[in-house]
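A.B. asks: Take a look at start_1.tsv, TSV, C-alpha atoms:
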chain	number	residue	atom	x	y	z
F	1	MET	CA	-12.57	39.78	7.13
F	2	GLU	CA	-11.33	38.19	3.92
F	3	ALA	CA	-10.11	35.12	5.81
F	4	GLN	CA	-13.42	34.94	7.64
F	5	SER	CA	-15.43	35.07	4.40
F	6	SER	CA	-13.33	32.36	2.78
F	7	CYS	CA	-13.71	30.17	5.85
F	8	ASP	CA	-17.46	30.77	5.79
F	9	LEU	CA	-17.51	29.43	2.24
F	10	LEU	CA	-15.72	26.35	3.44
F	11	LEU	CA	-18.12	25.86	6.32
F	12	SER	CA	-21.17	26.28	4.08
F	13	ARG	CA	-20.60	22.99	2.33
F	14	LYS	CA	-23.45	20.55	2.79
F	15	ARG	CA	-23.27	16.88	3.58
F	16	LYS	CA	-24.75	14.24	1.36
F	17	LYS	CA	-28.13	13.26	2.73
F	18	GLU	CA	-30.41	10.38	1.90
F	19	ASP	CA	-34.08	11.02	1.53
F	20	SER	CA	-36.85	8.58	2.28
F	21	ASN	CA	-36.38	6.90	-1.11
F	22	GLY	CA	-32.73	6.20	-0.40
F	23	GLU	CA	-31.56	8.56	-3.14
F	24	THR	CA	-28.48	10.61	-2.49
F	25	ASP	CA	-28.99	14.36	-2.49
F	26	GLU	CA	-25.76	16.27	-2.69
F	27	GLY	CA	-26.13	19.94	-1.88
F	28	GLU	CA	-24.48	22.74	-3.75
F	29	ARG	CA	-20.74	22.83	-3.27
F	30	PRO	CA	-18.76	25.95	-4.06
F	31	GLY	CA	-15.65	25.87	-6.16
F	32	LYS	CA	-12.16	26.08	-4.81
F	33	ILE	CA	-11.72	28.74	-2.14
F	34	PRO	CA	-8.69	30.81	-1.14
F	35	ARG	CA	-6.45	29.29	1.48
F	36	CYS	CA	-7.10	30.79	4.91
F	37	THR	CA	-5.37	30.35	8.24
F	38	VAL	CA	-7.68	30.68	11.23
F	39	GLY	CA	-5.85	32.03	14.24
F	40	LEU	CA	-6.83	29.27	16.66
F	41	ARG	CA	-3.81	28.09	18.55
F	42	ASN	CA	-5.17	27.13	21.97
F	43	PRO	CA	-8.18	25.09	23.16
F	44	ALA	CA	-11.24	26.85	24.47
F	45	PRO	CA	-11.02	27.79	28.18
F	46	PHE	CA	-13.30	26.48	30.89
F	47	ALA	CA	-15.86	28.88	32.31
F	48	ASP	CA	-14.60	28.54	35.86
F	49	GLU	CA	-11.11	29.58	34.72
F	50	ILE	CA	-12.19	32.84	33.06
F	51	LYS	CA	-11.96	36.11	34.95
F	52	PRO	CA	-15.51	37.45	35.55
F	53	ASP	CA	-16.64	40.50	33.60
F	54	GLY	CA	-17.63	43.41	35.85
F	55	LYS	CA	-19.91	45.00	33.26
F	56	PRO	CA	-23.65	44.88	33.91
F	57	TYR	CA	-25.49	42.17	32.02
F	58	LYS	CA	-28.50	42.91	29.86
F	59	ARG	CA	-29.96	40.33	27.52
F	60	VAL	CA	-30.22	41.24	23.85
F	61	THR	CA	-33.33	40.56	21.82
F	62	MET	CA	-33.54	38.36	18.73
F	63	GLU	CA	-33.83	41.40	16.45
F	64	GLU	CA	-30.77	43.06	17.99
F	65	ALA	CA	-28.79	39.82	17.74
F	66	LYS	CA	-29.66	39.31	14.07
F	67	ARG	CA	-28.93	42.96	13.27
F	68	GLY	CA	-25.50	42.70	14.85
F	69	THR	CA	-24.00	43.75	18.15
F	70	PRO	CA	-20.85	45.76	18.95
F	71	PRO	CA	-17.57	43.82	18.93
F	72	ASP	CA	-17.23	44.14	22.69
F	73	ARG	CA	-20.75	42.77	23.24
F	74	PRO	CA	-21.13	39.49	21.37
F	75	VAL	CA	-24.32	37.48	21.54
F	76	ARG	CA	-23.75	34.76	24.11
F	77	VAL	CA	-25.23	31.50	22.81
F	78	TYR	CA	-25.36	28.39	24.99
F	79	ALA	CA	-25.46	24.79	23.68
F	80	ASP	CA	-25.33	21.76	25.94
F	81	GLY	CA	-25.05	18.01	25.50
F	82	ILE	CA	-23.30	14.79	26.45
F	83	PHE	CA	-20.90	14.75	23.48
F	84	ASP	CA	-19.90	11.13	24.00
F	85	VAL	CA	-17.64	9.78	21.24
F	86	PHE	CA	-17.39	13.27	19.74
F	87	HIS	CA	-18.15	13.10	16.01
F	88	SER	CA	-18.97	15.31	13.04
F	89	GLY	CA	-22.65	15.52	13.98
F	90	HIS	CA	-21.69	17.23	17.22
F	91	ALA	CA	-19.29	19.54	15.42
F	92	ARG	CA	-21.91	20.56	12.86
F	93	ALA	CA	-24.45	21.35	15.58
F	94	LEU	CA	-21.91	23.61	17.29
F	95	MET	CA	-21.03	25.18	13.94
F	96	GLN	CA	-24.68	26.10	13.42
F	97	ALA	CA	-24.88	27.58	16.91
F	98	LYS	CA	-21.75	29.62	16.29
F	99	ARG	CA	-23.16	31.01	13.04
F	100	LEU	CA	-26.61	31.96	14.35
F	101	PHE	CA	-25.67	35.64	14.60
F	102	PRO	CA	-22.98	37.87	13.08
F	103	ASN	CA	-21.20	38.26	16.42
F	104	THR	CA	-21.51	35.12	18.53
F	105	HIS	CA	-19.73	33.89	21.66
F	106	LEU	CA	-20.48	30.16	21.91
F	107	ILE	CA	-20.66	28.58	25.36
F	108	VAL	CA	-20.92	24.78	25.47
F	109	GLY	CA	-22.11	22.93	28.57
F	110	VAL	CA	-21.07	19.29	29.07
F	111	CYS	CA	-22.95	17.16	31.60
F	112	SER	CA	-21.05	15.11	34.16
F	113	ASP	CA	-20.92	11.32	34.36
F	114	ASP	CA	-23.31	11.21	37.33
F	115	LEU	CA	-26.08	13.13	35.58
F	116	THR	CA	-25.56	11.30	32.28
F	117	HIS	CA	-25.61	7.83	33.82
F	118	LYS	CA	-28.69	8.77	35.81
F	119	TYR	CA	-30.81	10.23	33.01
F	120	LYS	CA	-29.42	8.82	29.78
F	121	GLY	CA	-27.19	5.84	30.36
F	122	PHE	CA	-23.59	4.70	30.46
F	123	THR	CA	-21.05	6.56	28.31
F	124	VAL	CA	-18.03	5.33	26.39
F	125	MET	CA	-15.89	8.32	27.35
F	126	ASN	CA	-15.66	9.66	30.88
F	127	GLU	CA	-16.45	13.27	31.70
F	128	ASP	CA	-12.85	14.49	31.55
F	129	GLU	CA	-12.38	13.02	28.10
F	130	ARG	CA	-15.63	14.62	26.94
F	131	TYR	CA	-14.66	18.00	28.41
F	132	ASP	CA	-11.31	17.87	26.66
F	133	ALA	CA	-12.85	16.87	23.32
F	134	ILE	CA	-15.15	19.93	23.35
F	135	THR	CA	-12.33	22.35	24.18
F	136	HIS	CA	-10.62	21.32	20.94
F	137	CYS	CA	-13.59	22.07	18.71
F	138	ARG	CA	-12.83	25.16	16.61
F	139	TYR	CA	-16.29	26.73	17.06
F	140	VAL	CA	-16.28	26.71	20.86
F	141	ASP	CA	-15.30	29.82	22.83
F	142	GLU	CA	-16.01	28.61	26.36
F	143	VAL	CA	-16.77	25.27	28.06
F	144	VAL	CA	-18.94	24.76	31.15
F	145	ARG	CA	-18.10	21.61	33.07
F	146	ASN	CA	-20.75	19.73	35.06
F	147	ALA	CA	-23.54	21.48	33.21
F	148	PRO	CA	-27.09	21.10	34.65
F	149	TRP	CA	-29.58	18.75	33.04
F	150	THR	CA	-32.29	21.39	33.16
F	151	LEU	CA	-31.44	25.06	32.72
F	152	THR	CA	-32.49	27.34	35.53
F	153	PRO	CA	-32.81	31.16	35.50
F	154	GLU	CA	-29.91	31.33	37.98
F	155	PHE	CA	-27.65	29.38	35.64
F	156	LEU	CA	-28.64	31.54	32.65
F	157	ALA	CA	-27.93	34.71	34.58
F	158	LYS	CA	-24.64	33.43	35.98
F	159	HIS	CA	-23.22	32.73	32.54
F	160	ARG	CA	-24.95	35.76	30.92
F	161	ILE	CA	-26.67	33.61	28.33
F	162	ASP	CA	-28.73	35.34	25.65
F	163	PHE	CA	-29.97	32.33	23.69
F	164	VAL	CA	-29.96	28.53	23.92
F	165	ALA	CA	-29.23	26.54	20.76
F	166	HIS	CA	-30.53	23.01	20.24
F	167	ASP	CA	-32.46	21.02	17.65
F	168	ASP	CA	-36.18	21.70	17.67
F	169	ILE	CA	-37.23	18.09	18.44
F	170	PRO	CA	-38.82	17.90	21.93
F	171	TYR	CA	-36.31	16.38	24.34
F	172	SER	CA	-38.16	14.39	26.98
F	173	SER	CA	-36.13	13.60	30.10
F	174	ALA	CA	-36.13	14.01	33.87
F	175	GLY	CA	-39.91	13.73	34.07
F	176	SER	CA	-40.52	16.45	31.48
F	177	ASP	CA	-41.89	16.14	27.95
F	178	ASP	CA	-39.47	18.83	26.78
F	179	VAL	CA	-36.65	20.12	28.97
F	180	TYR	CA	-36.37	23.22	26.75
F	181	LYS	CA	-40.04	24.19	26.95
F	182	HIS	CA	-39.51	27.05	29.40
F	183	ILE	CA	-36.62	28.33	27.25
F	184	LYS	CA	-38.87	28.36	24.18
F	185	ASP	CA	-41.61	30.13	26.11
F	186	ALA	CA	-39.13	32.82	27.16
F	187	GLY	CA	-38.12	33.49	23.54
F	188	MET	CA	-34.51	32.40	24.17
F	189	PHE	CA	-34.52	29.28	22.02
F	190	ALA	CA	-32.55	29.23	18.71
F	191	PRO	CA	-33.16	26.03	16.77
F	192	THR	CA	-30.47	24.09	14.90
F	193	GLN	CA	-30.67	21.09	12.56
F	194	ARG	CA	-29.56	17.54	13.37
F	195	THR	CA	-27.11	15.83	11.05
F	196	GLU	CA	-28.79	12.72	9.71
F	197	GLY	CA	-26.91	9.46	9.43
F	198	ILE	CA	-24.52	9.86	12.34
F	199	SER	CA	-24.91	9.85	16.10
F	200	THR	CA	-23.25	8.34	19.14
F	201	SER	CA	-25.92	5.64	19.27
F	202	ASP	CA	-25.29	4.78	15.61
F	203	ILE	CA	-21.56	4.40	16.24
F	204	ILE	CA	-22.13	2.20	19.27
F	205	THR	CA	-24.60	0.11	17.26
F	206	ARG	CA	-21.95	-0.51	14.62
F	207	ILE	CA	-19.49	-1.67	17.27
F	208	VAL	CA	-22.02	-3.94	18.96
F	209	ARG	CA	-23.17	-5.38	15.64
F	210	ASP	CA	-19.58	-6.28	14.68
F	211	TYR	CA	-18.50	-7.13	18.21
F	212	ASP	CA	-16.53	-10.25	17.27
F	213	VAL	CA	-14.62	-8.39	14.57
F	214	TYR	CA	-13.48	-5.65	16.94
F	215	VAL	CA	-12.62	-8.10	19.72
F	216	ARG	CA	-10.42	-10.09	17.35
F	217	ARG	CA	-8.93	-6.83	16.07
F	218	ASN	CA	-7.91	-5.73	19.55
F	219	LEU	CA	-6.61	-9.18	20.47
F	220	GLN	CA	-4.32	-8.96	17.47
F	221	ARG	CA	-3.17	-5.52	18.59
F	222	GLY	CA	-1.96	-6.91	21.90
F	223	TYR	CA	-4.90	-6.37	24.25
F	224	THR	CA	-5.47	-9.19	26.71
F	225	ALA	CA	-8.70	-11.11	27.12
F	226	LYS	CA	-9.03	-9.65	30.63
F	227	GLU	CA	-8.82	-6.10	29.33
F	228	LEU	CA	-11.52	-6.91	26.76
F	229	ASN	CA	-13.66	-8.77	29.30
F	230	VAL	CA	-13.52	-11.90	27.18
F	231	SER	CA	-13.69	-15.38	28.67
F	232	PHE	CA	-10.99	-17.98	28.17
F	233	ILE	CA	-13.17	-20.07	25.86
F	234	ASN	CA	-14.12	-17.07	23.73
F	235	GLU	CA	-10.50	-16.01	23.54
F	236	LYS	CA	-9.53	-19.40	22.12
F	237	LYS	CA	-12.50	-19.26	19.78
F	238	TYR	CA	-11.45	-15.86	18.45
F	239	HIS	CA	-7.86	-17.04	17.97
F	240	LEU	CA	-9.13	-20.09	16.08
F	241	GLN	CA	-11.36	-17.91	13.92
F	242	GLU	CA	-8.42	-15.68	13.17
F	243	ARG	CA	-6.33	-18.67	12.05
F	244	VAL	CA	-9.19	-19.92	9.87
F	245	ASP	CA	-9.55	-16.46	8.33
F	246	LYS	CA	-5.82	-16.37	7.63
F	247	VAL	CA	-6.07	-19.71	5.83
F	248	LYS	CA	-9.06	-18.40	3.87
F	249	ARG	CA	-7.15	-15.27	2.92
F	250	LYS	CA	-4.19	-17.36	1.78
F	251	VAL	CA	-6.47	-19.60	-0.28
F	252	ARG	CA	-8.12	-16.53	-1.74
F	253	ASP	CA	-4.72	-15.04	-2.58
F	254	VAL	CA	-3.65	-18.31	-4.22
F	255	GLU	CA	-6.87	-18.39	-6.24
F	256	GLU	CA	-6.38	-14.82	-7.37
F	257	LYS	CA	-2.75	-15.50	-8.29
F	258	SER	CA	-3.83	-18.67	-10.11
F	259	LYS	CA	-6.42	-16.72	-12.04
F	260	GLU	CA	-3.82	-14.13	-12.94
F	261	PHE	CA	-1.41	-16.90	-14.02
F	262	VAL	CA	-4.05	-18.63	-16.15
F	263	GLN	CA	-5.00	-15.32	-17.69
F	264	LYS	CA	-1.36	-14.60	-18.53
F	265	VAL	CA	-0.95	-18.11	-20.01
F	266	GLU	CA	-4.06	-17.59	-22.12
F	267	GLU	CA	-2.76	-14.26	-23.33
F	268	LYS	CA	0.63	-15.81	-24.14
F	269	SER	CA	-1.07	-18.76	-25.89
F	270	ILE	CA	-3.16	-16.44	-28.03
F	271	ASP	CA	-0.06	-14.45	-28.85
F	272	LEU	CA	1.90	-17.59	-29.76
F	273	ILE	CA	-0.95	-18.91	-31.92
F	274	GLN	CA	-1.16	-15.61	-33.77
F	275	LYS	CA	2.60	-15.59	-34.34
F	276	TRP	CA	2.49	-19.26	-35.47
F	277	GLU	CA	-0.27	-18.46	-37.95
F	278	GLU	CA	1.71	-15.54	-39.30
F	279	LYS	CA	4.86	-17.64	-39.65
F	280	SER	CA	2.87	-20.49	-41.23
F	281	ARG	CA	1.39	-18.19	-43.83
F	282	GLU	CA	4.82	-16.77	-44.52
F	283	PHE	CA	6.35	-20.28	-44.84
F	284	ILE	CA	3.58	-21.49	-47.16
F	285	GLY	CA	3.94	-18.39	-49.30
F	286	ASN	CA	7.70	-18.88	-49.61
F	287	PHE	CA	7.23	-22.60	-50.40
F	288	LEU	CA	4.72	-21.87	-53.17
F	289	GLN	CA	6.93	-19.15	-54.53
F	290	MET	CA	9.78	-21.63	-54.79
F	291	PHE	CA	8.08	-24.96	-55.63
F	292	GLY	CA	4.69	-23.91	-57.01
F	293	PRO	CA	3.46	-24.35	-60.61
F	294	GLU	CA	4.97	-21.03	-61.58
F	295	GLY	CA	7.68	-21.08	-58.98
F	296	ALA	CA	11.31	-20.14	-59.26
F	297	LEU	CA	12.43	-23.80	-59.29
F	298	LYS	CA	10.44	-24.59	-62.45
F	299	HIS	CA	12.01	-21.69	-64.29
F	300	MET	CA	15.46	-22.75	-63.12
F	301	LEU	CA	14.87	-26.33	-64.37
F	302	LYS	CA	13.64	-25.09	-67.76
F	303	GLU	CA	16.64	-22.85	-68.15
F	304	GLY	CA	19.06	-25.65	-67.15
F	305	LYS	CA	17.41	-28.11	-69.51
F	306	GLY	CA	17.78	-25.68	-72.41
F	307	ARG	CA	21.43	-25.18	-71.76
F	308	MET	CA	22.04	-28.91	-71.45
F	309	LEU	CA	20.33	-29.67	-74.79
F	310	GLN	CA	22.32	-26.93	-76.48
F	311	ALA	CA	25.54	-28.38	-75.10
F	312	ILE	CA	25.01	-32.00	-76.22
F	313	SER	CA	23.45	-31.46	-79.71
F	314	PRO	CA	26.00	-31.73	-82.82
F	315	ARG	CA	26.75	-28.77	-85.03
F	316	GLN	CA	25.45	-28.87	-88.58
F	317	SER	CA	28.03	-29.05	-91.57
F	318	PRO	CA	28.31	-26.01	-93.83
F	319	SER	CA	26.21	-26.28	-97.01
F	320	SER	CA	29.16	-25.48	-99.46
F	321	SER	CA	32.92	-25.70	-99.30
F	322	PRO	CA	34.92	-22.53	-99.54
F	323	THR	CA	36.64	-21.81	-102.95
F	324	ARG	CA	40.36	-21.81	-103.54
F	325	GLU	CA	40.54	-18.08	-103.22
F	326	GLU	CA	38.53	-18.14	-100.01
F	327	ARG	CA	40.84	-20.68	-98.47
F	328	SER	CA	43.57	-19.48	-96.33
F	329	PRO	CA	46.97	-20.06	-97.84
F	330	SER	CA	48.78	-23.10	-96.61
F	331	PRO	CA	52.23	-22.70	-95.19
F	332	THR	CA	55.02	-23.33	-97.73
F	333	PHE	CA	58.09	-25.44	-97.14
F	334	ARG	CA	61.14	-26.29	-99.17
F	335	LEU	CA	62.39	-29.76	-99.92
F	336	PRO	CA	65.51	-30.58	-98.02
F	337	PHE	CA	67.48	-31.72	-101.08
F	338	PHE	CA	67.41	-28.34	-102.64
F	339	SER	CA	70.02	-25.94	-101.42
F	340	LYS	CA	69.16	-22.44	-100.57
F	341	ALA	CA	72.29	-21.08	-102.19
F	342	SER	CA	71.92	-22.80	-105.49
F	343	PRO	CA	70.22	-20.55	-107.94
F	344	PRO	CA	67.36	-21.82	-109.93
F	345	HIS	CA	68.12	-23.36	-113.32
F	346	HIS	CA	65.97	-23.38	-116.37
F	347	SER	CA	67.23	-26.75	-117.48
F	348	GLY	CA	67.94	-30.05	-115.84
F	349	ALA	CA	67.27	-30.43	-112.23
F	350	ARG	CA	65.21	-27.59	-110.95
F	351	GLY	CA	64.31	-26.69	-107.45
F	352	TYR	CA	60.56	-26.46	-106.75
F	353	LEU	CA	58.72	-24.66	-104.05
F	354	VAL	CA	56.26	-27.20	-102.85
F	355	SER	CA	53.12	-26.38	-101.03
F	356	GLU	CA	50.08	-28.31	-99.86
F	357	ASP	CA	48.11	-26.73	-102.65
F	358	ASP	CA	50.46	-28.09	-105.23
F	359	ASP	CA	50.14	-31.56	-103.77
F	360	GLU	CA	46.43	-31.42	-104.03
F	361	ASP	CA	46.66	-30.30	-107.65
F	362	ASP	CA	48.99	-33.14	-108.45
F	363	GLU	CA	46.66	-35.66	-106.92
F	364	SER	CA	43.81	-34.29	-108.94
Kindly present the structure from the file in structure tokens form.
C.D. replies:
Amino acid sequence: MEAQSSCDLLLSRKRKKEDSNGETDEGERPGKIPRCTVGLRNPAPFADEIKPDGKPYKRVTMEEAKRGTPPDRPVRVYADGIFDVFHSGHARALMQAKRLFPNTHLIVGVCSDDLTHKYKGFTVMNEDERYDAITHCRYVDEVVRNAPWTLTPEFLAKHRIDFVAHDDIPYSSAGSDDVYKHIKDAGMFAPTQRTEGISTSDIITRIVRDYDVYVRRNLQRGYTAKELNVSFINEKKYHLQERVDKVKRKVRDVEEKSKEFVQKVEEKSIDLIQKWEEKSREFIGNFLQMFGPEGALKHMLKEGKGRMLQAISPRQSPSSSPTREERSPSPTFRLPFFSKASPPHHSGARGYLVSEDDDEDDES
């Protein structure tokens, strides 16, 4: 039950829809839900491969179905269609049919190629491909192949159908204004809602509108012109268009790369100019600091000039000569004609100690 409730939260998400004004209306989306593993391992079986139930069949009413039925007696809901190019719109319609009642067994009828081509038109997928696509839808419990275009009481009784699910828009076909009118009158109709913005016709319209694009796409993928039902001239035209588009793409790539290169050069140029301005300001500042009016060079020249003038200017003479006492004594020497050993005499030849001071006194 817990896994079922978490999966129900996941299934209750709404698609984005566009109203008549073209505005996007995004429905409420729940937060993150617990991880659940649904025990679906095999595709849904075909009705003609299921062993018939021997229990007597009695249709349930709408009130009984909404109130809930026993596990061994699910409400058997039938939904039919062409289901060509199976898409999310089909899946959502089947999801709604599966969730009509608390206990639902969903039977899906798929019309054959003969009936579809007769009443609706040619299909993209053949009947076997459409049968197989429906068996792999997670909401389907049983698939009826070669389903009738109009439901008969015999068919409803054979498959024990309680209710028929379809959108409420009248479906005119096979000479009838609404093929489900008798089902609605019997009280067996359970309406569902169409998913706006997607249908098989819309998908085919997209392909037809861009026919050349898809033909060229498949030619590139290895399909032959015969397989695509393309004439020889058109094949050559598509190949030529592909070559032209390749050249255009190359030119566009070159233009984009050129723009990127120019942008990088501009960024580098701006960076270089900014660095050059910074270096220029730094160089000018250093130059002014060295050679400016109050620069270091001027101070160096002043200092050198002062030293040079001090070195070449003469020293001034002293204002007064030192006295005799202030003079330093001159060295004394003895005349060579006086002997050291001879003692001094008081008479006659005497030996004198001669000094520079004595000479000066004599001269004076």
A.B. asks: With distances taken over only C-alpha atoms, which residue among F:Ser88, F:Val244, F:Lys55, F:Gly306 lies nearest F:Asp72?
C.D. replies: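 Checking each of F:Ser88, F:Val244, F:Lys55, F:Gly306 against F:Asp72, counting only C-alpha atoms, the winner is F:Lys55.
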A.B. asks: In Å, rounded to a single decimal, give me how far atom CA of F:His159 is from atom CA of F:Pro70.
C.D. replies: 19.0 Å
A.B. asks: In Å, with one decimal, what is the gap from atom CA of F:Leu94 to atom CA of F:Val108?
C.D. replies: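 Those two atoms sit 8.3 Å apart.
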A.B. asks: Could you list, as a CSV table (one decimal) with C-alpha atoms, in the frame of the given file, every residue within 6 Å of F:Ala44, counting all atoms listed in the file and ignoring same-chain residues fewer than 2 positions away?
C.D. replies:
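out-v1.csv, written as the output of this step:
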chain,number,residue,atom,x,y,z
F,135,THR,CA,-12.3,22.4,24.2
F,141,ASP,CA,-15.3,29.8,22.8
F,142,GLU,CA,-16.0,28.6,26.4
A.B. asks: Taking only C-alpha atoms into account, which of F:Lys98, F:His87, F:Lys279, F:Lys248 comes nearest F:Asp202?
C.D. replies: F:His87
A.B. asks: Would you be able to write out as a tab-separated table (two decimals) with C-alpha atoms, in the coordinates of the input which residues have an atom within 6 Å of (-20.6, 35.8, 23.1) in the file's coordinates, counting only C-alpha atoms?
C.D. replies:
chain	number	residue	atom	x	y	z
F	74	PRO	CA	-21.13	39.49	21.37
F	75	VAL	CA	-24.32	37.48	21.54
F	76	ARG	CA	-23.75	34.76	24.11
F	104	THR	CA	-21.51	35.12	18.53
F	105	HIS	CA	-19.73	33.89	21.66
F	106	LEU	CA	-20.48	30.16	21.91
A.B. asks: Write out as a ChimeraX atom specification the residues lying within 9 Å of F:Leu151, counting only C-alpha atoms and excluding same-chain residues fewer than 3 positions away.
C.D. replies: /F:147-148,154-156,179-180,182-183
A.B. asks: Which value, in Å to one decimal, gives the distance between atom CA of F:Arg35 and atom CA of F:Arg138?
C.D. replies: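 Separating atom CA of F:Arg35 from atom CA of F:Arg138 is a distance of 16.9 Å.
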A.B. asks: Measuring atom to atom with all atoms listed in the file, identify which of F:Arg145, F:Arg67, F:Lys120, F:Lys32 is nearest to F:Glu49.
C.D. replies: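 The closest residue to F:Glu49 is F:Arg145.
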A.B. asks: What's around F:Leu297 at 12 Å? Count all atoms listed in the file, leave out sequence neighbours fewer than 6 positions away in its own chain, and write the answer as a ChimeraX atom specification.
C.D. replies: /F:286-291,303-304
A.B. asks: Point out the residue among F:Ser112, F:Arg307, F:Asp212, F:Val164 with the least atom-to-atom distance to F:Lys181, counting all atoms listed in the file.
C.D. replies: F:Val164
A.B. asks: May I ask which of the residues F:Val230, F:Ala79, F:Cys137, F:Ala311 is the closest one to F:Asn42, counting only C-alpha atoms?
C.D. replies: F:Cys137
A.B. asks: Taking all atoms listed in the file into account, which of F:Ile207, F:Ala97, F:Ala225, F:Val265 comes nearest F:Phe189?
C.D. replies: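 Of F:Ile207, F:Ala97, F:Ala225, F:Val265, the one nearest F:Phe189 is F:Ala97, counting all atoms listed in the file.
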A.B. asks: Applying 12 Å and all atoms listed in the file, which residues near F:Glu64 remain after dropping the ones on its own chain fewer than 4 positions away? List them as a list in words.
C.D. replies: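 Within the cut-off, the hits are Arg59, Val60, Gly68, Thr69, Pro70, Arg73, Pro74, Val75, Phe101, Pro102, Asn103 and Asp162 of chain F.
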A.B. asks: Take stretch 44-57 of chain F, bring it up to N, CA, C and O atoms, and give me the output as a PDB file, in the coordinates of the input.
C.D. replies:
ATOM      1  N   ALA F  44     -10.331  25.926  23.795  1.00  0.00           N
ATOM      2  CA  ALA F  44     -11.240  26.850  24.470  1.00  0.00           C
ATOM      3  C   ALA F  44     -11.095  26.736  25.980  1.00  0.00           C
ATOM      4  O   ALA F  44     -10.907  25.643  26.521  1.00  0.00           O
ATOM      5  N   PRO F  45     -11.174  27.845  26.717  1.00  0.00           N
ATOM      6  CA  PRO F  45     -11.020  27.790  28.180  1.00  0.00           C
ATOM      7  C   PRO F  45     -12.292  27.297  28.858  1.00  0.00           C
ATOM      8  O   PRO F  45     -13.384  27.312  28.293  1.00  0.00           O
ATOM      9  N   PHE F  46     -12.150  26.858  30.082  1.00  0.00           N
ATOM     10  CA  PHE F  46     -13.300  26.480  30.890  1.00  0.00           C
ATOM     11  C   PHE F  46     -13.873  27.724  31.560  1.00  0.00           C
ATOM     12  O   PHE F  46     -13.147  28.679  31.884  1.00  0.00           O
ATOM     13  N   ALA F  47     -15.177  27.691  31.770  1.00  0.00           N
ATOM     14  CA  ALA F  47     -15.860  28.880  32.310  1.00  0.00           C
ATOM     15  C   ALA F  47     -15.368  29.247  33.687  1.00  0.00           C
ATOM     16  O   ALA F  47     -15.273  30.442  34.038  1.00  0.00           O
ATOM     17  N   ASP F  48     -15.041  28.239  34.495  1.00  0.00           N
ATOM     18  CA  ASP F  48     -14.600  28.540  35.860  1.00  0.00           C
ATOM     19  C   ASP F  48     -13.155  29.020  35.912  1.00  0.00           C
ATOM     20  O   ASP F  48     -12.650  29.330  36.994  1.00  0.00           O
ATOM     21  N   GLU F  49     -12.484  29.078  34.772  1.00  0.00           N
ATOM     22  CA  GLU F  49     -11.110  29.580  34.720  1.00  0.00           C
ATOM     23  C   GLU F  49     -11.020  30.979  34.110  1.00  0.00           C
ATOM     24  O   GLU F  49      -9.934  31.550  34.035  1.00  0.00           O
ATOM     25  N   ILE F  50     -12.172  31.524  33.696  1.00  0.00           N
ATOM     26  CA  ILE F  50     -12.190  32.840  33.060  1.00  0.00           C
ATOM     27  C   ILE F  50     -12.471  33.912  34.122  1.00  0.00           C
ATOM     28  O   ILE F  50     -13.345  33.750  34.993  1.00  0.00           O
ATOM     29  N   LYS F  51     -11.759  34.991  34.022  1.00  0.00           N
ATOM     30  CA  LYS F  51     -11.960  36.110  34.950  1.00  0.00           C
ATOM     31  C   LYS F  51     -13.330  36.716  34.704  1.00  0.00           C
ATOM     32  O   LYS F  51     -13.695  37.030  33.568  1.00  0.00           O
ATOM     33  N   PRO F  52     -14.156  36.911  35.751  1.00  0.00           N
ATOM     34  CA  PRO F  52     -15.510  37.450  35.550  1.00  0.00           C
ATOM     35  C   PRO F  52     -15.492  38.878  35.027  1.00  0.00           C
ATOM     36  O   PRO F  52     -14.591  39.667  35.321  1.00  0.00           O
ATOM     37  N   ASP F  53     -16.508  39.168  34.186  1.00  0.00           N
ATOM     38  CA  ASP F  53     -16.640  40.500  33.600  1.00  0.00           C
ATOM     39  C   ASP F  53     -17.470  41.369  34.544  1.00  0.00           C
ATOM     40  O   ASP F  53     -18.570  41.007  34.951  1.00  0.00           O
ATOM     41  N   GLY F  54     -16.948  42.526  34.894  1.00  0.00           N
ATOM     42  CA  GLY F  54     -17.630  43.410  35.850  1.00  0.00           C
ATOM     43  C   GLY F  54     -18.722  44.249  35.217  1.00  0.00           C
ATOM     44  O   GLY F  54     -19.434  44.979  35.946  1.00  0.00           O
ATOM     45  N   LYS F  55     -18.894  44.164  33.896  1.00  0.00           N
ATOM     46  CA  LYS F  55     -19.910  45.000  33.260  1.00  0.00           C
ATOM     47  C   LYS F  55     -21.304  44.454  33.574  1.00  0.00           C
ATOM     48  O   LYS F  55     -21.491  43.254  33.747  1.00  0.00           O
ATOM     49  N   PRO F  56     -22.279  45.349  33.640  1.00  0.00           N
ATOM     50  CA  PRO F  56     -23.650  44.880  33.910  1.00  0.00           C
ATOM     51  C   PRO F  56     -24.181  44.065  32.728  1.00  0.00           C
ATOM     52  O   PRO F  56     -23.850  44.321  31.563  1.00  0.00           O
ATOM     53  N   TYR F  57     -24.970  43.074  33.047  1.00  0.00           N
ATOM     54  CA  TYR F  57     -25.490  42.170  32.020  1.00  0.00           C
ATOM     55  C   TYR F  57     -26.914  42.534  31.660  1.00  0.00           C
ATOM     56  O   TYR F  57     -27.784  42.687  32.546  1.00  0.00           O
TER      57      TYR F  57
END
